Amino acid sequence: MKKLLSPLLITLVLMGCNKEPLTALNKSLVGVTDYGTVDARFCTQAPTPAKQNLKYLFIIDHSASNQPGFPSFAGDISNTDSQGSRRYGPLLNFLKNLVPDPNNLTSFAIIDFNDKATQPGTVSGFDSDTNNFINTTTTDWIGGGTAAVPAPFDAGFTNYQAALQMALTMIRKDAQNESAIQTPPIVTTAYQIIFVTDGVPTVASPSGSSNPTYTQTFQADLQPVIDSIMNIKSDLTLGAFIANITLNTAYYFNDVEVTSAESLLQQMAIEGNGQYLQFGSGKNILYQQFAPPSRNIRNRLVDAFVENENAVWWDDGRLMLDSDGDGLPDLIEQQFGSDPYNKDSDGNGVSDLVEYRTKGKPCNDAQCAAAGRDLYAICDGFSPVKDANGNVTFSSSTNDGLNDCEKFLLNASRTVFNTNGDMIPDFLALKTTLPVIIGSASAALADPFGDGITNYSKLKLGMPIQISNRTLSPDFQARATSLDLESSPSADVDCYHMVVENVALTSYSNTIKVMVIQNSSAVDDKPFLQVAERPFSGGQTSVSFLPGDFK
């Protein structure tokens, strides 16, 4: 059995290191009926292939050096690919042999370049019809010849910059189109660029220049365009729709390689986070070597929280009974006229706690009558449902206890369970007075009272965040947590055993919620939340959870 030094255990170390004595508080301010134990077993989810759009962009050299009569070096009388068989034959084989993958929604685009860059025929953007793209590629290969003897239209110089600039325009436009049509859950796009050439980027010099030709350089001409392509992923609007962008380069030659071409293409691949491959001695280009592997994303445990849904540390540091689990204690509800046994006393779809935190009262009407409730018309776009009595409910896009309207009112995200990225579920944070808005993650690690325990640690120890631990009754028992890796039934699944002792109870019918956070990717941060709930019953002070309880 392997012991993990997790944040759950670190909190115990922090508590043990704090030697400052606790000052007694009036016992009436600590409403502990008893303490319970939570025994939870759970497993990480088995990995599933990550669904994404996979878009190939082939950039193919059509310069004169592919044909006879254009030497690559002194004495060269050969050509690199006069009939296009090195460039197009393997490409068509790659396309025809692609095995359909329901998790990779594949599409293709092609750019031809010499003096300038173009898309062949009537092609525009990316084509998801593989057969149609094969026909386009075949026509491009045949050029001015026949199917038996192809003759690609190869002529002119080798303008790398024009090809890359066109790739930039295409990818940005495609990402804009994806962002305009997608709704959650978002399927991101991986752009796989394969840049194929047989030489250095030499172009005709502008009129009036002393030299007839100019060779484009990496730093001045190519790197700025490549960086612009790669930076599309960082765009505030488009970045969420892009998994990655990769620029790969392939250099084909005959017997003698041009060192400057090799070096330049290597630099391009490094800048584009891709591969550089070379194909000499007349070898064909192996496009399959640039295909990304299938993405099986292993899930890993990030954190786990235990919450007593019917016990709330209120703003003044009192532990109070919360019968309906809405986060607003019964005593406070009675003071305001709301129903301590109904999370949404006036039936408008927004819980009493959210209304209290956003407006200072749980209902518009002093008696929480439905006739005087706030209808929250600003949430009409979230598809409210009304029952026969006119009570409203909103759906929830997350699993954290807040619905879409409540998230909107709190300026929280309606697509993730922890808006600010601190890995604390938004509803749990709201109940414990931690902020949930974007940019507030640092609050979890703050120690506002200077008592040596961070807000996060207090949350794990079952202590109030609203007051200093110096004023907490010495009779209060902080939680003790153990977390063990119990087994690994497969290479991709880990099972854990967590025991949390000294969970403060306000009655013997309290309901316990266990929240398990996993992360589905080591590259793109996409954590997800699983939840299980179970009440203490029959006067018992222990409750157990099994892996099948978590949803």
# chains A, B, ... in the order shown; residues from 1 in each chain; ligands from 1
$ residues_around --residues "Gln83 in chain A" --least-positions-apart "2" --cutoff "6 Å" --atoms "only C-alpha atoms" --output "mmCIF file with all heavy atoms, in the first residue's frame"
data_model
loop_
_atom_site.group_PDB
_atom_site.id
_atom_site.type_symbol
_atom_site.label_atom_id
_atom_site.label_comp_id
_atom_site.auth_asym_id
_atom_site.auth_seq_id
_atom_site.Cartn_x
_atom_site.Cartn_y
_atom_site.Cartn_z
ATOM 1 N N ASP A 81 11.821 15.761 -58.567
ATOM 2 C CA ASP A 81 10.538 15.037 -58.625
ATOM 3 C C ASP A 81 9.746 15.486 -59.850
ATOM 4 O O ASP A 81 8.679 16.082 -59.736
ATOM 5 C CB ASP A 81 9.748 15.311 -57.348
ATOM 6 C CG ASP A 81 8.565 14.370 -57.160
ATOM 7 O OD1 ASP A 81 8.596 13.263 -57.728
ATOM 8 O OD2 ASP A 81 7.618 14.757 -56.457
ATOM 9 N N SER A 85 5.912 11.975 -58.197
ATOM 10 C CA SER A 85 5.658 10.701 -57.515
ATOM 11 C C SER A 85 6.174 10.693 -56.082
ATOM 12 O O SER A 85 5.641 9.971 -55.231
ATOM 13 C CB SER A 85 6.296 9.555 -58.302
ATOM 14 O OG SER A 85 7.693 9.744 -58.414
ATOM 15 N N PRO A 150 1.946 11.786 -65.094
ATOM 16 C CA PRO A 150 1.625 13.097 -64.511
ATOM 17 C C PRO A 150 2.711 14.127 -64.827
ATOM 18 O O PRO A 150 3.885 13.784 -65.009
ATOM 19 C CB PRO A 150 1.561 12.820 -63.010
ATOM 20 C CG PRO A 150 1.388 11.342 -62.885
ATOM 21 C CD PRO A 150 2.111 10.755 -64.053
ATOM 22 N N ALA A 151 2.312 15.385 -64.845
ATOM 23 C CA ALA A 151 3.242 16.496 -65.067
ATOM 24 C C ALA A 151 2.781 17.686 -64.234
ATOM 25 O O ALA A 151 2.088 18.575 -64.724
ATOM 26 C CB ALA A 151 3.306 16.861 -66.545
#
$ select_by_dssp --residues "range 445-512 of chain A" --states "helix (DSSP H, G or I)" --output "list in words"
Leu445, Asn455, Tyr456, Ser457, Lys458, Leu459, Lys460, Leu461, Asn469, Arg470 and Thr471 of chain A
$ write_last_selection --atoms "all heavy atoms" --output "compact mmCIF listing (two decimals), in the first residue's frame"
# COMPACT_ATOMS: atom_id res chain seq x y z
N LEU A 445 -5.11 30.11 -0.78
CA LEU A 445 -3.83 29.92 -0.12
C LEU A 445 -3.47 31.08 0.81
O LEU A 445 -2.37 31.13 1.35
CB LEU A 445 -2.73 29.72 -1.16
CG LEU A 445 -2.92 28.50 -2.08
CD1 LEU A 445 -1.79 28.42 -3.09
CD2 LEU A 445 -3.01 27.22 -1.27
N ASN A 455 -6.62 29.35 4.13
CA ASN A 455 -8.05 29.08 3.96
C ASN A 455 -8.29 27.66 3.44
O ASN A 455 -9.22 26.99 3.86
CB ASN A 455 -8.64 30.10 2.98
CG ASN A 455 -8.73 31.49 3.58
OD1 ASN A 455 -8.89 31.64 4.80
ND2 ASN A 455 -8.63 32.51 2.76
N TYR A 456 -7.44 27.22 2.52
CA TYR A 456 -7.58 25.87 1.98
C TYR A 456 -7.40 24.83 3.09
O TYR A 456 -8.18 23.87 3.19
CB TYR A 456 -6.54 25.65 0.88
CG TYR A 456 -6.42 24.21 0.40
CD1 TYR A 456 -7.27 23.72 -0.59
CD2 TYR A 456 -5.46 23.36 0.94
CE1 TYR A 456 -7.17 22.39 -1.02
CE2 TYR A 456 -5.36 22.04 0.51
CZ TYR A 456 -6.21 21.57 -0.47
OH TYR A 456 -6.11 20.27 -0.90
N SER A 457 -6.41 25.01 3.92
CA SER A 457 -6.16 24.06 5.00
C SER A 457 -7.31 24.05 6.00
O SER A 457 -7.71 22.99 6.50
CB SER A 457 -4.84 24.39 5.70
OG SER A 457 -3.75 24.24 4.82
N LYS A 458 -7.86 25.23 6.30
CA LYS A 458 -9.01 25.28 7.20
C LYS A 458 -10.20 24.52 6.61
O LYS A 458 -10.93 23.83 7.34
CB LYS A 458 -9.40 26.73 7.49
CG LYS A 458 -8.44 27.47 8.41
CD LYS A 458 -8.92 28.88 8.69
CE LYS A 458 -7.99 29.57 9.70
NZ LYS A 458 -8.43 30.95 10.02
N LEU A 459 -10.38 24.65 5.30
CA LEU A 459 -11.46 23.94 4.64
C LEU A 459 -11.29 22.43 4.80
O LEU A 459 -12.23 21.70 5.11
CB LEU A 459 -11.49 24.33 3.16
CG LEU A 459 -12.62 23.76 2.31
CD1 LEU A 459 -13.98 24.20 2.83
CD2 LEU A 459 -12.44 24.20 0.86
N LYS A 460 -10.05 21.95 4.63
CA LYS A 460 -9.78 20.53 4.76
C LYS A 460 -9.89 20.06 6.22
O LYS A 460 -10.28 18.92 6.49
CB LYS A 460 -8.37 20.21 4.23
CG LYS A 460 -8.28 20.28 2.70
CD LYS A 460 -9.33 19.37 2.09
CE LYS A 460 -9.18 19.23 0.60
NZ LYS A 460 -8.16 18.26 0.23
N LEU A 461 -9.55 20.93 7.16
CA LEU A 461 -9.60 20.57 8.58
C LEU A 461 -11.00 20.73 9.18
O LEU A 461 -11.22 20.42 10.35
CB LEU A 461 -8.62 21.44 9.37
CG LEU A 461 -7.14 21.13 9.11
CD1 LEU A 461 -6.28 22.25 9.64
CD2 LEU A 461 -6.75 19.80 9.74
N ASN A 469 -8.21 30.96 14.04
CA ASN A 469 -8.27 29.75 14.87
C ASN A 469 -7.91 30.05 16.33
O ASN A 469 -8.12 29.23 17.21
CB ASN A 469 -7.35 28.66 14.30
CG ASN A 469 -5.88 28.92 14.58
OD1 ASN A 469 -5.42 30.06 14.42
ND2 ASN A 469 -5.14 27.89 14.95
N ARG A 470 -7.38 31.25 16.60
CA ARG A 470 -7.07 31.63 17.99
C ARG A 470 -8.35 31.77 18.82
O ARG A 470 -8.32 31.64 20.03
CB ARG A 470 -6.31 32.96 18.01
CG ARG A 470 -4.98 32.95 17.28
CD ARG A 470 -4.25 34.28 17.46
NE ARG A 470 -3.07 34.38 16.64
CZ ARG A 470 -3.04 34.97 15.46
NH1 ARG A 470 -4.14 35.52 14.98
NH2 ARG A 470 -1.92 35.04 14.76
N THR A 471 -9.46 32.10 18.14
CA THR A 471 -10.72 32.31 18.85
C THR A 471 -11.62 31.08 18.82
O THR A 471 -12.74 31.13 19.34
CB THR A 471 -11.48 33.50 18.25
OG1 THR A 471 -11.79 33.22 16.88
CG2 THR A 471 -10.65 34.77 18.32
$ residues_around --residues "Pro184 in chain A" --least-positions-apart "3" --cutoff "12 Å" --atoms "only C-alpha atoms" --output "list in words"
Ser179, Ala180, Ile181, Val187, Thr188, Ala240, Phe241, Ser397, Thr398, Arg414, Thr415 and Val416 of chain A
$ closest_residue --among "A:Tyr251, A:Gly31, A:Val312, A:Val436" --to "Asn284 in chain A" --atoms "only C-alpha atoms"
A:Tyr251
$ atom_distance --atom1 "CA of Trp314 in chain A" --atom2 "CA of Ala504 in chain A"
14.0 Å
$ closest_residue --among "A:Asp484, A:Asp322, A:Glu178, A:Asp549" --to "Asp352 in chain A" --atoms "only C-alpha atoms"
A:Asp322
$ atom_distance --atom1 "CA of Leu328 in chain A" --atom2 "CA of Pro362 in chain A"
8.7 Å
$ residues_around --residues "Asp115 in chain A" --least-positions-apart "3" --cutoff "10 Å" --atoms "only C-alpha atoms" --output "list of chain:residue names"
A:His62, A:Ser63, A:Ala64, A:Asp112, A:Thr118, A:Ala155, A:Gly156, A:Phe157, A:Thr158, A:Asn159, A:Tyr160, A:Gln161, A:Ala162, A:Ala163, A:Pro201, A:Thr202, A:Val203, A:Ala204
$ residues_around --residues "Pro435 in chain A" --least-positions-apart "3" --cutoff "12 Å" --atoms "only C-alpha atoms" --output "PyMOL selection string"
chain A and resi 357+410-412+418-422+424-432+438-446+455+465
$ residues_around --residues "Pro527 in chain A" --least-positions-apart "6" --cutoff "9 Å" --atoms "only C-alpha atoms" --output "ChimeraX atom specification"
/A:302,416-418,423,517-521
$ residues_around --residues "Asp174 in chain A" --least-positions-apart "5" --cutoff "9 Å" --atoms "only C-alpha atoms" --output "list in words"
Gly125, Phe126, Thr169 and Ser179 of chain A
$ closest_residue --among "A:Ile60, A:Ala366, A:Ile134, A:Ala269" --to "Ala117 in chain A" --atoms "only C-alpha atoms"
A:Ile60
$ closest_residue --among "A:Thr249, A:Asn244, A:Gln288, A:Asn66" --to "Ile229 in chain A" --atoms "only C-alpha atoms"
A:Asn244
$ select_by_dssp --residues "range 182-406 of chain A" --states "strand (DSSP E)" --output "NGL selection string"
:A and (189-197 or 202-204 or 213-215 or 242-252 or 276-279 or 300-308 or 311-313 or 319-321 or 385-386 or 392-393)
$ atom_distance --atom1 "CA of Phe408 in chain A" --atom2 "CA of Arg318 in chain A"
29.1 Å
